Every structure is written in C-alpha cells, then in structure tokens.
$ cat data.pdb   # PDB, C-alpha atoms (C1' of nucleotides)
ATOM      1  CA  MET A   1      59.038  45.500 -31.063
ATOM      2  CA  ASN A   2      57.986  42.196 -29.555
ATOM      3  CA  LYS A   3      54.579  41.263 -28.262
ATOM      4  CA  PHE A   4      55.488  42.131 -24.683
ATOM      5  CA  HIS A   5      56.356  45.629 -25.682
ATOM      6  CA  SER A   6      53.258  46.298 -27.743
ATOM      7  CA  ILE A   7      50.991  45.014 -24.973
ATOM      8  CA  TYR A   8      52.850  47.212 -22.522
ATOM      9  CA  LYS A   9      52.220  50.251 -24.649
ATOM     10  CA  SER A  10      48.525  49.552 -24.920
ATOM     11  CA  LEU A  11      48.250  49.016 -21.160
ATOM     12  CA  LEU A  12      50.056  52.264 -20.577
ATOM     13  CA  SER A  13      47.750  54.178 -22.861
ATOM     14  CA  GLU A  14      44.682  52.553 -21.318
ATOM     15  CA  PHE A  15      45.555  52.941 -17.637
ATOM     16  CA  GLY A  16      48.247  55.600 -17.616
ATOM     17  CA  PRO A  17      51.462  55.540 -15.568
ATOM     18  CA  GLN A  18      50.913  53.805 -12.239
ATOM     19  CA  GLN A  19      53.955  55.280 -10.504
ATOM     20  CA  TRP A  20      54.506  52.346  -8.169
ATOM     21  CA  TRP A  21      55.432  51.915  -5.341
ATOM     22  CA  PRO A  22      53.412  54.524  -3.404
ATOM     23  CA  ALA A  23      55.536  55.235  -0.305
ATOM     24  CA  ASP A  24      57.407  57.997   1.475
ATOM     25  CA  SER A  25      60.487  55.942   2.260
ATOM     26  CA  GLN A  26      62.417  52.830   1.335
ATOM     27  CA  TYR A  27      61.418  51.174   4.586
ATOM     28  CA  GLU A  28      57.758  51.915   3.924
ATOM     29  CA  VAL A  29      58.046  49.915   0.696
ATOM     30  CA  VAL A  30      59.440  46.991   2.643
ATOM     31  CA  VAL A  31      56.628  47.162   5.182
ATOM     32  CA  GLY A  32      53.996  47.436   2.480
ATOM     33  CA  ALA A  33      55.434  44.496   0.586
ATOM     34  CA  LEU A  34      54.896  42.260   3.581
ATOM     35  CA  LEU A  35      51.526  43.643   4.650
ATOM     36  CA  THR A  36      50.005  43.360   1.197
ATOM     37  CA  GLN A  37      50.380  39.597   1.064
ATOM     38  CA  ASN A  38      47.013  38.256  -0.067
ATOM     39  CA  THR A  39      45.490  41.521   1.082
ATOM     40  CA  ASN A  40      43.673  44.382  -0.573
ATOM     41  CA  TRP A  41      45.914  47.444  -0.795
ATOM     42  CA  LYS A  42      43.209  49.600   0.777
ATOM     43  CA  ASN A  43      43.599  47.632   3.973
ATOM     44  CA  VAL A  44      47.368  47.981   3.825
ATOM     45  CA  GLU A  45      46.978  51.738   3.554
ATOM     46  CA  LYS A  46      45.009  51.743   6.778
ATOM     47  CA  ALA A  47      47.699  49.772   8.555
ATOM     48  CA  ILE A  48      50.458  52.041   7.278
ATOM     49  CA  ALA A  49      48.447  55.103   8.267
ATOM     50  CA  ASN A  50      48.174  53.660  11.767
ATOM     51  CA  LEU A  51      51.925  53.172  11.919
ATOM     52  CA  LYS A  52      52.554  56.712  10.760
ATOM     53  CA  LYS A  53      50.072  58.148  13.212
ATOM     54  CA  ALA A  54      51.843  56.277  16.003
ATOM     55  CA  LYS A  55      55.161  57.521  14.622
ATOM     56  CA  ALA A  56      56.254  53.921  14.430
ATOM     57  CA  LEU A  57      57.122  53.602  10.758
ATOM     58  CA  ALA A  58      60.852  53.258  11.280
ATOM     59  CA  PRO A  59      62.922  50.096  11.682
ATOM     60  CA  GLN A  60      64.125  50.622  15.256
ATOM     61  CA  LYS A  61      60.676  51.699  16.377
ATOM     62  CA  ILE A  62      59.000  48.635  14.934
ATOM     63  CA  LEU A  63      61.483  46.440  16.765
ATOM     64  CA  ARG A  64      60.854  48.240  20.039
ATOM     65  CA  LEU A  65      57.077  47.939  19.879
ATOM     66  CA  GLU A  66      55.471  45.206  21.930
ATOM     67  CA  LYS A  67      54.143  42.501  19.681
ATOM     68  CA  SER A  68      50.597  43.201  20.870
ATOM     69  CA  GLU A  69      50.980  46.909  20.074
ATOM     70  CA  LEU A  70      52.267  46.174  16.611
ATOM     71  CA  GLU A  71      49.441  43.720  16.037
ATOM     72  CA  GLN A  72      46.842  46.349  16.851
ATOM     73  CA  LEU A  73      48.429  48.919  14.554
ATOM     74  CA  ILE A  74      48.584  46.621  11.525
ATOM     75  CA  LYS A  75      45.313  44.847  12.251
ATOM     76  CA  PRO A  76      43.436  46.246   9.214
ATOM     77  CA  SER A  77      45.843  44.453   6.880
ATOM     78  CA  GLY A  78      44.660  41.049   8.063
ATOM     79  CA  PHE A  79      46.679  38.019   9.219
ATOM     80  CA  TYR A  80      47.913  40.501  11.764
ATOM     81  CA  ARG A  81      49.447  38.108  14.281
ATOM     82  CA  GLN A  82      51.587  36.388  11.634
ATOM     83  CA  LYS A  83      52.451  39.663   9.978
ATOM     84  CA  ALA A  84      53.495  41.354  13.215
ATOM     85  CA  ALA A  85      55.983  38.591  13.984
ATOM     86  CA  ARG A  86      57.236  38.439  10.421
ATOM     87  CA  LEU A  87      57.522  42.191  10.112
ATOM     88  CA  LYS A  88      59.926  42.196  13.036
ATOM     89  CA  LEU A  89      62.030  39.471  11.400
ATOM     90  CA  LEU A  90      62.092  41.309   8.095
ATOM     91  CA  THR A  91      62.959  44.548   9.868
ATOM     92  CA  GLU A  92      65.948  42.903  11.518
ATOM     93  CA  LYS A  93      67.132  41.843   8.090
ATOM     94  CA  PHE A  94      66.543  45.325   6.720
ATOM     95  CA  ILE A  95      68.640  46.859   9.484
ATOM     96  CA  GLU A  96      71.405  44.361   8.829
ATOM     97  CA  ILE A  97      71.389  45.220   5.136
ATOM     98  CA  LYS A  98      71.564  48.937   5.797
ATOM     99  CA  ARG A  99      74.265  48.489   8.417
ATOM    100  CA  ARG A 100      76.625  46.759   6.056
ATOM    101  CA  ASN A 101      75.806  49.357   3.424
ATOM    102  CA  ALA A 102      75.322  46.865   0.608
ATOM    103  CA  LEU A 103      72.494  45.647  -1.562
ATOM    104  CA  PRO A 104      70.441  42.664  -0.434
ATOM    105  CA  SER A 105      70.574  39.345  -2.234
ATOM    106  CA  ARG A 106      67.422  37.510  -3.217
ATOM    107  CA  GLU A 107      68.550  34.511  -1.200
ATOM    108  CA  GLU A 108      68.924  36.383   2.036
ATOM    109  CA  LEU A 109      65.474  37.942   1.696
ATOM    110  CA  LEU A 110      63.996  34.514   0.984
ATOM    111  CA  SER A 111      65.677  33.195   4.100
ATOM    112  CA  VAL A 112      63.455  35.433   6.228
ATOM    113  CA  LYS A 113      60.404  33.561   7.428
ATOM    114  CA  GLY A 114      57.344  35.071   5.806
ATOM    115  CA  VAL A 115      59.180  36.396   2.774
ATOM    116  CA  GLY A 116      58.419  34.360  -0.329
ATOM    117  CA  LYS A 117      59.427  34.982  -3.910
ATOM    118  CA  GLU A 118      56.927  37.664  -4.755
ATOM    119  CA  THR A 119      57.618  39.635  -1.593
ATOM    120  CA  ALA A 120      61.367  39.290  -2.042
ATOM    121  CA  ASP A 121      61.219  40.456  -5.644
ATOM    122  CA  SER A 122      58.926  43.346  -4.730
ATOM    123  CA  ILE A 123      61.470  44.505  -2.177
ATOM    124  CA  LEU A 124      64.385  44.059  -4.575
ATOM    125  CA  LEU A 125      62.644  45.947  -7.359
ATOM    126  CA  TYR A 126      60.665  48.641  -5.599
ATOM    127  CA  ALA A 127      62.772  49.301  -2.513
ATOM    128  CA  PHE A 128      66.273  48.667  -3.868
ATOM    129  CA  ASP A 129      65.839  49.350  -7.598
ATOM    130  CA  LEU A 130      67.220  45.972  -8.630
ATOM    131  CA  PRO A 131      66.011  44.407 -11.895
ATOM    132  CA  TYR A 132      63.802  41.554 -10.678
ATOM    133  CA  PHE A 133      60.460  41.185 -12.407
ATOM    134  CA  VAL A 134      57.668  40.609  -9.902
ATOM    135  CA  ILE A 135      55.258  37.785 -10.661
ATOM    136  CA  ASP A 136      51.879  37.535  -9.014
ATOM    137  CA  SER A 137      48.632  35.702  -9.627
ATOM    138  CA  TYR A 138      47.509  38.392 -12.051
ATOM    139  CA  THR A 139      50.683  37.977 -14.072
ATOM    140  CA  LYS A 140      50.004  34.314 -14.719
ATOM    141  CA  ARG A 141      46.448  35.077 -15.780
ATOM    142  CA  PHE A 142      47.806  37.872 -17.918
ATOM    143  CA  CYS A 143      50.185  35.494 -19.703
ATOM    144  CA  ALA A 144      47.452  32.940 -20.293
ATOM    145  CA  HIS A 145      45.055  35.597 -21.520
ATOM    146  CA  HIS A 146      47.510  36.949 -24.066
ATOM    147  CA  LYS A 147      49.001  33.535 -24.822
ATOM    148  CA  LEU A 148      52.444  34.813 -23.943
ATOM    149  CA  PHE A 149      53.708  31.998 -21.819
ATOM    150  CA  ASN A 150      52.384  28.875 -20.220
ATOM    151  CA  GLY A 151      54.809  28.035 -17.468
ATOM    152  CA  LYS A 152      54.386  26.533 -14.091
ATOM    153  CA  GLU A 153      56.879  27.789 -11.561
ATOM    154  CA  TYR A 154      57.260  31.336 -10.314
ATOM    155  CA  ASP A 155      60.843  31.586 -11.489
ATOM    156  CA  ASP A 156      59.954  30.328 -14.952
ATOM    157  CA  TYR A 157      57.657  33.309 -15.365
ATOM    158  CA  ARG A 158      60.161  35.707 -13.868
ATOM    159  CA  GLU A 159      62.965  34.559 -16.113
ATOM    160  CA  PHE A 160      60.677  34.693 -19.107
ATOM    161  CA  PHE A 161      59.775  38.322 -18.466
ATOM    162  CA  GLU A 162      63.347  39.235 -17.677
ATOM    163  CA  SER A 163      64.639  37.659 -20.862
ATOM    164  CA  SER A 164      61.869  39.174 -22.981
ATOM    165  CA  LEU A 165      62.195  42.759 -21.827
ATOM    166  CA  PRO A 166      65.062  45.232 -21.754
ATOM    167  CA  ARG A 167      66.774  45.076 -18.361
ATOM    168  CA  SER A 168      65.178  48.284 -17.110
ATOM    169  CA  VAL A 169      64.110  48.887 -13.531
ATOM    170  CA  PRO A 170      61.567  51.610 -14.392
ATOM    171  CA  LEU A 171      60.083  49.331 -17.049
ATOM    172  CA  TYR A 172      59.830  46.381 -14.649
ATOM    173  CA  LYS A 173      58.178  48.577 -12.055
ATOM    174  CA  GLU A 174      55.638  50.025 -14.398
ATOM    175  CA  TYR A 175      54.870  46.811 -16.233
ATOM    176  CA  HIS A 176      54.091  44.874 -13.089
ATOM    177  CA  ALA A 177      51.923  47.701 -11.778
ATOM    178  CA  LEU A 178      50.021  47.836 -15.043
ATOM    179  CA  ILE A 179      49.424  44.085 -14.999
ATOM    180  CA  VAL A 180      47.935  44.395 -11.517
ATOM    181  CA  GLU A 181      45.721  47.234 -12.709
ATOM    182  CA  TRP A 182      44.689  45.130 -15.674
ATOM    183  CA  GLY A 183      43.947  42.230 -13.360
ATOM    184  CA  LYS A 184      41.573  44.277 -11.269
ATOM    185  CA  THR A 185      39.437  45.064 -14.282
ATOM    186  CA  ILE A 186      38.840  41.543 -15.512
TER     187      ILE A 186
ATOM    188  C1'  DG B   1      26.014  39.081   2.933
ATOM    189  C1'  DG B   2      29.292  36.305   0.720
ATOM    190  C1'  DC B   3      33.591  36.662  -1.796
ATOM    191  C1'  DC B   4      38.215  37.804  -2.088
ATOM    192  C1'  DA B   5      42.476  40.646  -1.993
ATOM    193  C1'  DG B   6      49.391  43.304  -4.865
ATOM    194  C1'  DG B   7      51.087  35.213  -0.363
ATOM    195  C1'  DA B   8      53.537  32.208   2.489
ATOM    196  C1'  DC B   9      54.064  28.231   5.099
ATOM    197  C1'  DA B  10      53.102  23.731   7.302
ATOM    198  C1'  DC B  11      51.735  19.212   6.694
ATOM    199  C1'  DC B  12      50.495  15.226   4.120
ATOM    200  C1'  DA B  13      50.716  11.625   0.638
TER     201       DA B  13
ATOM    202  C1'  DT C   1      55.671  18.037  -6.540
ATOM    203  C1'  DG C   2      51.075  18.562  -5.762
ATOM    204  C1'  DG C   3      47.012  19.318  -3.042
ATOM    205  C1'  DT C   4      44.894  21.326   1.020
ATOM    206  C1'  DG C   5      44.306  23.959   5.427
ATOM    207  C1'  DT C   6      45.500  28.133   7.972
ATOM    208  C1'  DC C   7      46.097  32.833   8.789
ATOM    209  C1'  DA C   8      41.966  37.546   9.269
ATOM    210  C1'  DT C   9      40.461  42.204   8.152
ATOM    211  C1'  DG C  10      37.620  45.325   5.519
ATOM    212  C1'  DG C  11      35.817  46.782   0.810
ATOM    213  C1'  DC C  12      32.518  46.046  -2.539
TER     214       DC C  12
END
$ encode --input "data.pdb" --output "structure tokens"
Amino acid sequence: MNKFHSIYKSLLSEFGPQQWWPADSQYEVVVGALLTQNTNWKNVEKAIANLKKAKALAPQKILRLEKSELEQLIKPSGFYRQKAARLKLLTEKFIEIKRRNALPSREELLSVKGVGKETADSILLYAFDLPYFVIDSYTKRFCAHHKLFNGKEYDDYREFFESSLPRSVPLYKEYHALIVEWGKTI
DNA sequence: GGCCAGGACACCA
DNA sequence: TGGTGTCATGGC
C-alpha cells in the first residue's frame, strides 16, 4: 500500500464517507460545479434551492429564463452576473452532449467559457462518472503538507494522482471530497 | 466587521 | 509564464 492509500484510509476513518456529490440529478451536479467556483458551498445550496423552488432546475428551463431572472435566483452564490451567463453556455453544451447520447470530452467542456480545469474535471467525475481526479487549492496544500508532490501545473497534480491511485471512479470521488474536508479543518 | 470560499478569465509585461 | 485585477454574496 503506497502513501496515498494509507493517507486515504486515515482520512476516511477520521471524517467518514463524504458521499459526494450531493445532488438529485446529473444536471444538478453540473449546475453546482459552476456555481461553487470560489464560493462557499452553503451559498451554492441557497442558489440551488432557489432554482428548485422556481422549478427551474432543468436544462431547457434555465435556457428559457430571462438573464435577469436567472441572476436573481442564483444571486446567493456570488459572481451572479458572470455565472448566469456562463450557466446558460454550459447548459447549451450539456444539452448537446445529451442529445448525441455520448460522453463529454474534457476538451469540449474546457471550450465553454467559464469552465476551467477544475470545473471540467468535477463534471467529468461527479456527473459523468469518468476517472478524472479533481485538483483544487486544498489538494495542492494537501500534497505540500504530506510531502507527496511538489508540482506546479494543475495537470501535473492530476496526472500524479491518477498514476498513483487505482483507476477507480468511486475512489477518486471520495478522495477529493475527503481532501476538501481536510482542508476546511486546517 | 473583516476575511474568504469546492475558480476562471482578461490584460499586461 | 507569471503576476495582478475583477467578479459578489453570505457565513463565521
């Protein structure tokens, strides 16, 4: 068992299973992935609750909302003007993906304005169950703290995790969630 | 009452 | 490629 695996086990015993991503649908994961950018999850929950209350948490409904309406609904998540515009763009991509009945590529998600690497990987992993390890600011601190890796670029970290762990979607999901939980405590 | 969150992008040198 | 400004609300 390598160092990654033993740390994982201790995180799991300390914090318990995180069961990410909390959502009622695949599309809700996509929405949450965008809204949570540099934003406390509590605020994202408020925005998603607003969308549900307005019965707007569905791709076609988001597209049909006036931009100002959408802005008001997602306001608690912050950066709401940017996010409203970008959520519509991402939703168009989501519809296209579902229409062709195929899995999304990382490249096409990254081509959507407002979707960077972490958001793309979160969607690939948590919405589409594809084995991409999500890297965030906590993950880099985590690596430094445990002297696991001292890289620079996002993809260096991602490839390091992916080559150090068994290629398991449930493991990727849980490990990233546990790192975030760890990050909140330090 | 300030600090910051489950980032991304534009612009500059 | 590296550094900095911008976007913005709400929790603690």
$ residues_around --input "data.pdb" --residues "Gln72 in chain A" --least-positions-apart "6" --cutoff "10 Å" --atoms "all atoms listed in the file" --output "PyMOL selection string"
chain A and resi 47+50-51+80-81+84
$ write_last_selection --input "data.pdb" --atoms "C-alpha atoms" --output "CSV table (one decimal), keeping the file's coordinate frame"
chain,number,residue,atom,x,y,z
A,47,ALA,CA,47.7,49.8,8.6
A,50,ASN,CA,48.2,53.7,11.8
A,51,LEU,CA,51.9,53.2,11.9
A,80,TYR,CA,47.9,40.5,11.8
A,81,ARG,CA,49.4,38.1,14.3
A,84,ALA,CA,53.5,41.4,13.2
$ interface_residues --input "data.pdb" --of "chain C" --to "chain A" --cutoff "9 Å" --atoms "all atoms listed in the file" --output "PDB file with C-alpha atoms (C1' of nucleotides), keeping the file's coordinate frame"
ATOM      1  C1'  DC C   7      46.097  32.833   8.789  1.00  0.00           C
ATOM      2  C1'  DA C   8      41.966  37.546   9.269  1.00  0.00           C
ATOM      3  C1'  DT C   9      40.461  42.204   8.152  1.00  0.00           C
ATOM      4  C1'  DG C  10      37.620  45.325   5.519  1.00  0.00           C
ATOM      5  C1'  DG C  11      35.817  46.782   0.810  1.00  0.00           C
TER       6       DG C  11
END
$ atom_distance --input "data.pdb" --atom1 "CA of Thr91 in chain A" --atom2 "CA of Val134 in chain A"
20.8 Å
$ residues_near_point --input "data.pdb" --point "(53.9, 43.3, 7.3)" --cutoff "6 Å" --atoms "all atoms listed in the file" --output "compact mmCIF listing (two decimals) with C-alpha atoms, keeping the file's coordinate frame"
# COMPACT_ATOMS: atom_id res chain seq x y z
CA VAL A 31 56.63 47.16 5.18
CA LEU A 34 54.90 42.26 3.58
CA LEU A 35 51.53 43.64 4.65
CA LYS A 83 52.45 39.66 9.98
CA LEU A 87 57.52 42.19 10.11
$ atom_distance --input "data.pdb" --atom1 "CA of Asp129 in chain A" --atom2 "CA of Pro59 in chain A"
19.5 Å
$ interface_residues --input "data.pdb" --of "chain B" --to "chain A" --cutoff "8 Å" --atoms "all atoms listed in the file" --output "short mmCIF file (atom, residue, chain, number, x, y, z; two decimals) with C-alpha atoms (C1' of nucleotides), in the frame of the given file"
data_model
loop_
_atom_site.label_atom_id
_atom_site.label_comp_id
_atom_site.auth_asym_id
_atom_site.auth_seq_id
_atom_site.Cartn_x
_atom_site.Cartn_y
_atom_site.Cartn_z
"C1'" DA B 5 42.48 40.65 -1.99
"C1'" DG B 6 49.39 43.30 -4.86
"C1'" DG B 7 51.09 35.21 -0.36
"C1'" DA B 8 53.54 32.21 2.49
"C1'" DC B 9 54.06 28.23 5.10
#
$ axis_aligned_box --input "data.pdb" --around "range 4-9 of chain C" --padding-each-side "4 Å" --output "JSON"
{"center_x": 43.3, "center_y": 31.8, "center_z": 5.1, "size_x": 13.6, "size_y": 28.9, "size_z": 16.2}
$ atom_distance --input "data.pdb" --atom1 "CA of Ser6 in chain A" --atom2 "CA of Asp155 in chain A"
23.2 Å
$ closest_residue --input "data.pdb" --among "A:Glu96, A:Leu178, A:Ala127, A:Glu107" --to "Asp24 in chain A" --atoms "only C-alpha atoms"
A:Ala127
$ residues_around --input "data.pdb" --residues "Glu174 in chain A" --least-positions-apart "5" --cutoff "8 Å" --atoms "all atoms listed in the file" --output "PyMOL selection string"
chain A and resi 17-20
$ resolve_selection --input "data.pdb" --expression "the PyMOL selection byres ((chain C and resi 3) around 9)" --output "ChimeraX atom specification"
/B:12 /C:2,4
$ residues_around --input "data.pdb" --residues "DT1 in chain C" --least-positions-apart "5" --cutoff "12 Å" --atoms "all atoms listed in the file" --output "ChimeraX atom specification"
/A:152-153 /B:13
$ resolve_selection --input "data.pdb" --expression "the PyMOL selection byres ((chain A and resi 186) around 12)" --output "MDAnalysis selection string"
chainID A and resid 138 141:142 145 179:185
$ resolve_selection --input "data.pdb" --expression "the PyMOL selection byres ((chain A and resi 160) around 12)" --output "list in words"
Phe4, Tyr132, Phe133, Val134, Ile135, Thr139, Lys140, Cys143, Leu148, Phe149, Asn150, Gly151, Lys152, Glu153, Tyr154, Asp155, Asp156, Tyr157, Arg158, Glu159, Phe161, Glu162, Ser163, Ser164, Leu165 and Pro166 of chain A
$ decode --input "data.pdb" --residues "range 89-165 of chain A" --atoms "C-alpha atoms" --output "mmCIF file, in the first residue's frame"
data_model
loop_
_atom_site.group_PDB
_atom_site.id
_atom_site.type_symbol
_atom_site.label_atom_id
_atom_site.label_comp_id
_atom_site.auth_asym_id
_atom_site.auth_seq_id
_atom_site.Cartn_x
_atom_site.Cartn_y
_atom_site.Cartn_z
ATOM 1 C CA LEU A 89 -23.467 28.453 -22.093
ATOM 2 C CA LEU A 90 -22.680 25.346 -20.086
ATOM 3 C CA THR A 91 -26.310 24.262 -20.267
ATOM 4 C CA GLU A 92 -26.246 24.504 -24.049
ATOM 5 C CA LYS A 93 -23.229 22.229 -24.045
ATOM 6 C CA PHE A 94 -24.933 19.840 -21.648
ATOM 7 C CA ILE A 95 -27.967 19.600 -23.912
ATOM 8 C CA GLU A 96 -25.739 18.960 -26.901
ATOM 9 C CA ILE A 97 -23.957 16.170 -25.052
ATOM 10 C CA LYS A 98 -27.195 14.515 -24.022
ATOM 11 C CA ARG A 99 -28.661 14.898 -27.496
ATOM 12 C CA ARG A 100 -25.877 12.995 -29.158
ATOM 13 C CA ASN A 101 -26.078 10.405 -26.402
ATOM 14 C CA ALA A 102 -22.336 10.216 -25.823
ATOM 15 C CA LEU A 103 -19.908 11.075 -23.074
ATOM 16 C CA PRO A 104 -18.342 14.528 -22.993
ATOM 17 C CA SER A 105 -14.664 15.076 -23.659
ATOM 18 C CA ARG A 106 -12.542 17.198 -21.365
ATOM 19 C CA GLU A 107 -11.644 19.438 -24.283
ATOM 20 C CA GLU A 108 -15.191 20.285 -25.182
ATOM 21 C CA LEU A 109 -16.039 21.178 -21.586
ATOM 22 C CA LEU A 110 -12.946 23.378 -21.404
ATOM 23 C CA SER A 111 -14.051 25.111 -24.574
ATOM 24 C CA VAL A 112 -17.069 26.519 -22.734
ATOM 25 C CA LYS A 113 -16.357 29.989 -21.426
ATOM 26 C CA GLY A 114 -16.337 29.876 -17.650
ATOM 27 C CA VAL A 115 -15.396 26.217 -17.420
ATOM 28 C CA GLY A 116 -11.799 25.759 -16.318
ATOM 29 C CA LYS A 117 -9.944 22.592 -15.454
ATOM 30 C CA GLU A 118 -11.333 22.034 -12.002
ATOM 31 C CA THR A 119 -14.916 22.604 -13.094
ATOM 32 C CA ALA A 120 -14.474 20.397 -16.146
ATOM 33 C CA ASP A 121 -12.979 17.576 -14.105
ATOM 34 C CA SER A 122 -15.687 17.908 -11.459
ATOM 35 C CA ILE A 123 -18.314 17.482 -14.151
ATOM 36 C CA LEU A 124 -16.489 14.561 -15.759
ATOM 37 C CA LEU A 125 -16.028 12.770 -12.454
ATOM 38 C CA TYR A 126 -19.154 13.566 -10.488
ATOM 39 C CA ALA A 127 -21.743 13.989 -13.229
ATOM 40 C CA PHE A 128 -20.480 11.501 -15.820
ATOM 41 C CA ASP A 129 -18.528 9.016 -13.678
ATOM 42 C CA LEU A 130 -15.348 9.381 -15.711
ATOM 43 C CA PRO A 131 -11.987 8.822 -13.990
ATOM 44 C CA TYR A 132 -10.574 12.350 -13.766
ATOM 45 C CA PHE A 133 -9.059 13.326 -10.442
ATOM 46 C CA VAL A 134 -10.188 16.789 -9.377
ATOM 47 C CA ILE A 135 -7.490 19.162 -8.171
ATOM 48 C CA ASP A 136 -8.285 22.236 -6.144
ATOM 49 C CA SER A 137 -6.405 24.645 -3.921
ATOM 50 C CA TYR A 138 -6.802 22.309 -0.962
ATOM 51 C CA THR A 139 -5.256 19.466 -2.925
ATOM 52 C CA LYS A 140 -2.053 21.383 -3.523
ATOM 53 C CA ARG A 141 -1.824 22.302 0.145
ATOM 54 C CA PHE A 142 -2.562 18.698 0.978
ATOM 55 C CA CYS A 143 0.330 17.494 -1.186
ATOM 56 C CA ALA A 144 2.723 20.011 0.323
ATOM 57 C CA HIS A 145 1.600 19.167 3.835
ATOM 58 C CA HIS A 146 2.183 15.455 3.365
ATOM 59 C CA LYS A 147 5.206 15.953 1.116
ATOM 60 C CA LEU A 148 3.563 13.898 -1.593
ATOM 61 C CA PHE A 149 4.248 16.031 -4.595
ATOM 62 C CA ASN A 150 5.588 19.449 -5.363
ATOM 63 C CA GLY A 151 4.338 20.278 -8.815
ATOM 64 C CA LYS A 152 3.262 23.456 -10.422
ATOM 65 C CA GLU A 153 0.579 22.993 -13.025
ATOM 66 C CA TYR A 154 -2.923 21.685 -12.470
ATOM 67 C CA ASP A 155 -2.446 18.795 -14.858
ATOM 68 C CA ASP A 156 0.804 17.766 -13.202
ATOM 69 C CA TYR A 157 -1.100 17.211 -9.978
ATOM 70 C CA ARG A 158 -3.965 15.479 -11.727
ATOM 71 C CA GLU A 159 -1.709 13.090 -13.578
ATOM 72 C CA PHE A 160 0.228 12.405 -10.416
ATOM 73 C CA PHE A 161 -2.899 11.390 -8.522
ATOM 74 C CA GLU A 162 -4.213 9.399 -11.442
ATOM 75 C CA SER A 163 -0.970 7.491 -11.826
ATOM 76 C CA SER A 164 -0.635 6.897 -8.085
ATOM 77 C CA LEU A 165 -4.103 5.541 -7.433
#
